[in-house]
file input-v5.csv (CSV, C-alpha atoms)
chain,number,residue,atom,x,y,z
A,19,MET,CA,0.0,0.0,0.0
A,20,ARG,CA,2.8,2.4,0.9
A,21,ARG,CA,4.7,1.5,-2.2
A,22,ALA,CA,1.8,2.3,-4.4
A,23,ALA,CA,1.3,5.6,-2.6
A,24,GLY,CA,5.0,6.3,-3.1
A,25,PHE,CA,4.7,5.6,-6.8
A,26,ALA,CA,1.8,8.0,-7.0
A,27,LEU,CA,3.7,10.8,-5.3
A,28,CYS,CA,6.8,10.2,-7.4
A,29,VAL,CA,4.8,10.2,-10.6
A,30,LEU,CA,3.0,13.4,-9.6
A,31,ALA,CA,6.2,15.1,-8.7
A,32,ALA,CA,7.8,13.9,-12.0
A,33,SER,CA,4.8,15.1,-14.0
A,34,CYS,CA,5.0,18.5,-12.4
A,35,ALA,CA,8.6,19.0,-13.5
A,36,SER,CA,7.8,17.8,-17.1
A,37,PRO,CA,7.7,20.7,-19.5
A,38,GLU,CA,5.9,18.7,-22.2
A,39,ARG,CA,2.2,18.1,-21.6
A,40,ALA,CA,1.2,15.1,-23.7
A,41,THR,CA,-2.5,14.2,-23.8
A,42,VAL,CA,-4.3,11.0,-24.6
A,43,SER,CA,-8.0,10.5,-24.9
A,44,VAL,CA,-9.2,7.8,-22.8
A,45,PRO,CA,-12.7,6.4,-23.6
A,46,SER,CA,-15.1,6.6,-20.7
A,47,ALA,CA,-17.7,4.0,-20.0
A,48,ALA,CA,-20.1,6.6,-18.7
A,49,SER,CA,-22.0,7.3,-21.9
A,50,PRO,CA,-21.6,7.7,-25.7
A,51,ALA,CA,-22.6,11.3,-25.4
A,52,ALA,CA,-19.7,12.0,-23.0
A,53,ASN,CA,-17.4,10.3,-25.5
A,54,GLY,CA,-18.7,12.4,-28.2
A,55,ALA,CA,-18.2,15.6,-26.1
A,56,ALA,CA,-14.6,14.6,-25.4
A,57,ALA,CA,-13.9,13.9,-29.0
A,58,ALA,CA,-15.5,17.3,-29.9
A,59,GLY,CA,-13.0,19.0,-27.5
A,60,ASN,CA,-15.5,20.1,-24.9
A,61,VAL,CA,-13.9,18.0,-22.2
A,62,PRO,CA,-10.2,18.2,-21.7
A,63,ALA,CA,-8.4,14.9,-22.4
A,64,GLN,CA,-6.3,13.2,-19.7
A,65,SER,CA,-2.6,13.6,-19.6
A,66,TYR,CA,-0.4,10.5,-19.6
A,67,ALA,CA,0.3,11.1,-15.9
A,68,GLU,CA,-3.4,11.2,-15.1
A,69,ASP,CA,-4.1,8.1,-17.2
A,70,LEU,CA,-1.3,6.2,-15.4
A,71,MET,CA,-2.6,7.3,-12.0
A,72,SER,CA,-6.1,6.2,-12.8
A,73,TYR,CA,-4.7,2.9,-14.2
A,74,LEU,CA,-2.7,2.4,-11.0
A,75,GLY,CA,-5.9,3.0,-9.0
A,76,ARG,CA,-7.6,0.2,-10.9
A,77,LEU,CA,-4.6,-2.1,-10.6
A,78,ARG,CA,-4.6,-1.7,-6.8
A,79,THR,CA,-8.1,-3.3,-6.6
A,80,MET,CA,-7.0,-6.4,-8.5
A,81,ASN,CA,-5.8,-9.8,-7.2
A,82,GLU,CA,-2.7,-11.6,-8.3
A,83,ALA,CA,-4.4,-13.5,-11.2
A,84,ALA,CA,-6.0,-10.3,-12.5
A,85,LEU,CA,-2.7,-8.5,-12.3
A,86,ALA,CA,-1.0,-11.2,-14.3
A,87,GLY,CA,-3.7,-11.1,-16.9
A,88,GLU,CA,-3.6,-7.4,-17.1
A,89,ALA,CA,0.2,-7.4,-17.5
A,90,ALA,CA,-0.1,-10.0,-20.3
A,91,ARG,CA,-2.8,-8.0,-22.0
A,92,MET,CA,-0.7,-4.8,-21.9
A,93,ARG,CA,2.4,-6.6,-23.2
A,94,ARG,CA,0.6,-7.4,-26.4
A,95,ASP,CA,0.6,-3.7,-27.3
A,96,ALA,CA,4.0,-2.4,-28.3
A,97,SER,CA,3.4,1.2,-27.4
A,98,ASP,CA,5.5,2.9,-24.7
A,99,LEU,CA,2.4,3.6,-22.6
A,100,ALA,CA,1.3,0.0,-22.8
A,101,ARG,CA,4.8,-1.2,-21.8
A,102,VAL,CA,4.8,1.1,-18.7
A,103,LYS,CA,1.2,-0.1,-17.8
A,104,ALA,CA,2.4,-3.7,-18.1
A,105,ALA,CA,5.3,-2.9,-15.9
A,106,LEU,CA,3.0,-1.2,-13.4
A,107,ALA,CA,0.8,-4.3,-13.2
A,108,MET,CA,3.9,-6.5,-12.8
A,109,THR,CA,5.3,-4.3,-10.1
A,110,LEU,CA,2.2,-4.7,-8.0
A,111,SER,CA,2.3,-8.4,-8.3
A,112,SER,CA,4.2,-10.3,-5.6
A,113,GLN,CA,5.3,-12.9,-8.2
A,114,ALA,CA,6.8,-10.4,-10.6
A,115,ASP,CA,10.3,-10.9,-12.0
A,116,GLU,CA,12.3,-7.7,-11.9
A,117,ALA,CA,14.2,-8.7,-15.0
A,118,GLU,CA,11.0,-8.7,-17.0
A,119,ILE,CA,10.0,-5.3,-15.6
A,120,ILE,CA,13.4,-3.8,-16.4
A,121,GLU,CA,13.2,-5.3,-19.9
A,122,LEU,CA,9.9,-3.5,-20.5
A,123,VAL,CA,10.7,-0.1,-19.1
A,124,GLU,CA,14.4,0.4,-19.7
A,125,PRO,CA,14.1,1.2,-23.5
A,126,VAL,CA,11.3,3.7,-22.6
A,127,SER,CA,13.2,5.3,-19.8
A,128,ARG,CA,16.3,5.9,-22.1
A,129,LYS,CA,14.3,7.7,-24.8
A,130,PRO,CA,15.3,11.4,-25.1
A,131,GLY,CA,12.9,14.1,-24.0
A,132,ALA,CA,10.8,14.6,-21.0
A,133,SER,CA,7.4,13.0,-20.8
A,134,ASP,CA,5.1,11.5,-18.2
A,135,VAL,CA,5.5,8.0,-19.6
A,136,ARG,CA,9.3,8.3,-19.7
A,137,ALA,CA,9.3,9.6,-16.1
A,138,MET,CA,7.2,6.7,-14.9
A,139,ALA,CA,9.3,4.2,-16.9
A,140,ALA,CA,12.4,5.6,-15.2
A,141,LEU,CA,10.8,5.3,-11.8
A,142,LEU,CA,9.7,1.7,-12.4
A,143,ASN,CA,13.2,0.9,-13.8
A,144,ALA,CA,14.8,2.3,-10.7
A,145,ASN,CA,12.3,0.5,-8.4
A,146,ALA,CA,12.9,-2.8,-10.2
A,147,GLN,CA,16.7,-2.4,-10.0
A,148,GLU,CA,16.4,-1.7,-6.3
A,149,ARG,CA,14.1,-4.6,-5.7
A,150,ARG,CA,16.5,-6.9,-7.6
A,151,ARG,CA,19.4,-5.6,-5.5
A,152,LEU,CA,17.4,-6.1,-2.2
A,153,LYS,CA,16.4,-9.6,-3.2
A,154,GLN,CA,20.0,-10.5,-4.0
A,155,ARG,CA,21.1,-9.0,-0.7
A,156,ALA,CA,18.4,-11.1,1.1
A,157,ILE,CA,19.7,-14.2,-0.6
A,158,ASN,CA,23.3,-13.4,0.3
A,159,THR,CA,22.3,-12.6,3.9
A,160,ALA,CA,20.3,-15.9,4.2
A,161,GLY,CA,23.3,-17.8,3.0
A,162,GLU,CA,25.5,-16.1,5.5
A,163,LEU,CA,23.0,-16.8,8.2
A,164,ARG,CA,23.0,-20.5,7.3
A,165,GLU,CA,26.7,-20.6,7.5
A,166,GLU,CA,26.8,-18.8,10.8
A,167,ARG,CA,24.2,-21.3,12.2
A,168,LYS,CA,26.3,-24.2,11.0
A,169,LEU,CA,29.3,-22.6,12.7
A,170,VAL,CA,27.4,-22.1,15.9
A,171,GLU,CA,26.1,-25.7,15.8
A,172,ALA,CA,29.7,-26.9,15.3
A,173,GLN,CA,30.9,-24.8,18.2
A,174,LYS,CA,28.1,-26.1,20.4
A,175,GLN,CA,29.1,-29.7,19.6
A,176,ARG,CA,32.8,-28.9,20.3
A,177,ALA,CA,31.8,-27.3,23.6
A,178,GLU,CA,29.8,-30.4,24.5
A,179,GLN,CA,32.7,-32.7,23.7
A,180,LEU,CA,35.1,-30.5,25.7
A,181,GLN,CA,32.6,-30.5,28.6
A,182,GLN,CA,32.4,-34.3,28.5
A,183,LYS,CA,36.2,-34.6,28.6
A,184,LEU,CA,36.4,-32.1,31.5
A,185,ASP,CA,33.7,-34.1,33.3
A,186,ALA,CA,35.7,-37.3,32.7
A,187,LEU,CA,38.9,-35.7,34.0
A,188,THR,CA,37.1,-34.4,37.1
A,189,ASP,CA,35.7,-37.8,37.8
A,190,LEU,CA,39.1,-39.3,37.3
A,191,GLU,CA,40.7,-36.8,39.7
A,192,ARG,CA,38.0,-37.5,42.3
A,193,SER,CA,38.5,-41.2,42.0
A,194,LEU,CA,42.3,-40.8,42.4
A,195,ALA,CA,41.7,-38.6,45.4
A,196,THR,CA,39.4,-41.1,47.1
A,197,ARG,CA,42.0,-43.9,46.4
A,198,GLU,CA,44.8,-41.9,48.0
A,199,ALA,CA,42.6,-41.2,51.0
A,200,GLN,CA,41.8,-44.9,51.4
A,201,THR,CA,45.4,-46.0,51.1
A,202,ARG,CA,46.5,-43.7,53.9
call {"tool": "encode", "arguments": {"input": "input-v5.csv", "output": "structure tokens"}}
result
Amino acid sequence: MRRAAGFALCVLAASCASPERATVSVPSAASPAANGAAAAGNVPAQSYAEDLMSYLGRLRTMNEAALAGEAARMRRDASDLARVKAALAMTLSSQADEAEIIELVEPVSRKPGASDVRAMAALLNANAQERRRLKQRAINTAGELREERKLVEAQKQRAEQLQQKLDALTDLERSLATREAQTR
């Protein structure tokens, strides 16, 4: 939830700094008359940033299967906007592969010029890179933890063996002391 809110804030901040204001007309399911009014220019069209934010809002209500289906549907379209939308859907999925997200958004984020789509692609790319780095760090840390646990277990076994030897020597010393006392 916090991650999605962070995305929204970053995208809004990136869109505020963007000098280019690209627009896209998004069909509304409200009524054909509203669609006609938008096409006639009476209603302002949504910017890419607004379109991406409303799309993100819809994605947040979806379950894992729906997110995967939405990502697959968006991947069929080769446009930059569709690639970013597919990456958004994949980012919200817990089963997402960061390499796939990076593969989708890296070409878009490297395109020259400032646009809302490019800014979101750069954000998603940076997020996927960071997630990949954190997952690798978690894997490395888990391996180190396993090694440390093995080392601790080996040290415990060694301590037990040494304690047994110490106990045996103590018993031997006591038995020798009792023999000496009996022989006197």
call {"tool": "atom_distance", "arguments": {"input": "input-v5.csv", "atom1": "CA of Leu110 in chain A", "atom2": "CA of Ser127 in chain A"}}
result
19.0 Å
call {"tool": "residues_around", "arguments": {"input": "input-v5.csv", "residues": "Gln113 in chain A", "least_positions_apart": "6", "cutoff": "12 Å", "atoms": "only C-alpha atoms", "output": "VMD selection string"}}
result
chain A and resid 81 to 83 85 to 86 89 107 119
call {"tool": "atom_distance", "arguments": {"input": "input-v5.csv", "atom1": "CA of Ala156 in chain A", "atom2": "CA of Met80 in chain A"}}
result
27.6 Å
call {"tool": "residues_near_point", "arguments": {"input": "input-v5.csv", "point": "(10.3, -1.8, -14.7)", "cutoff": "8 Å", "atoms": "only C-alpha atoms", "output": "list in words"}}
result
Val102, Ala105, Leu106, Thr109, Glu116, Ala117, Glu118, Ile119, Ile120, Glu121, Leu122, Val123, Glu124, Ala139, Ala140, Leu141, Leu142, Asn143, Ala144, Asn145, Ala146 and Gln147 of chain A
call {"tool": "atom_distance", "arguments": {"input": "input-v5.csv", "atom1": "CA of Ser112 in chain A", "atom2": "CA of Asp134 in chain A"}}
result
25.2 Å
call {"tool": "closest_residue", "arguments": {"input": "input-v5.csv", "among": "A:Leu77, A:Lys168, A:Ala114, A:Met92", "to": "Arg150 in chain A", "atoms": "all atoms listed in the file"}}
result
A:Ala114
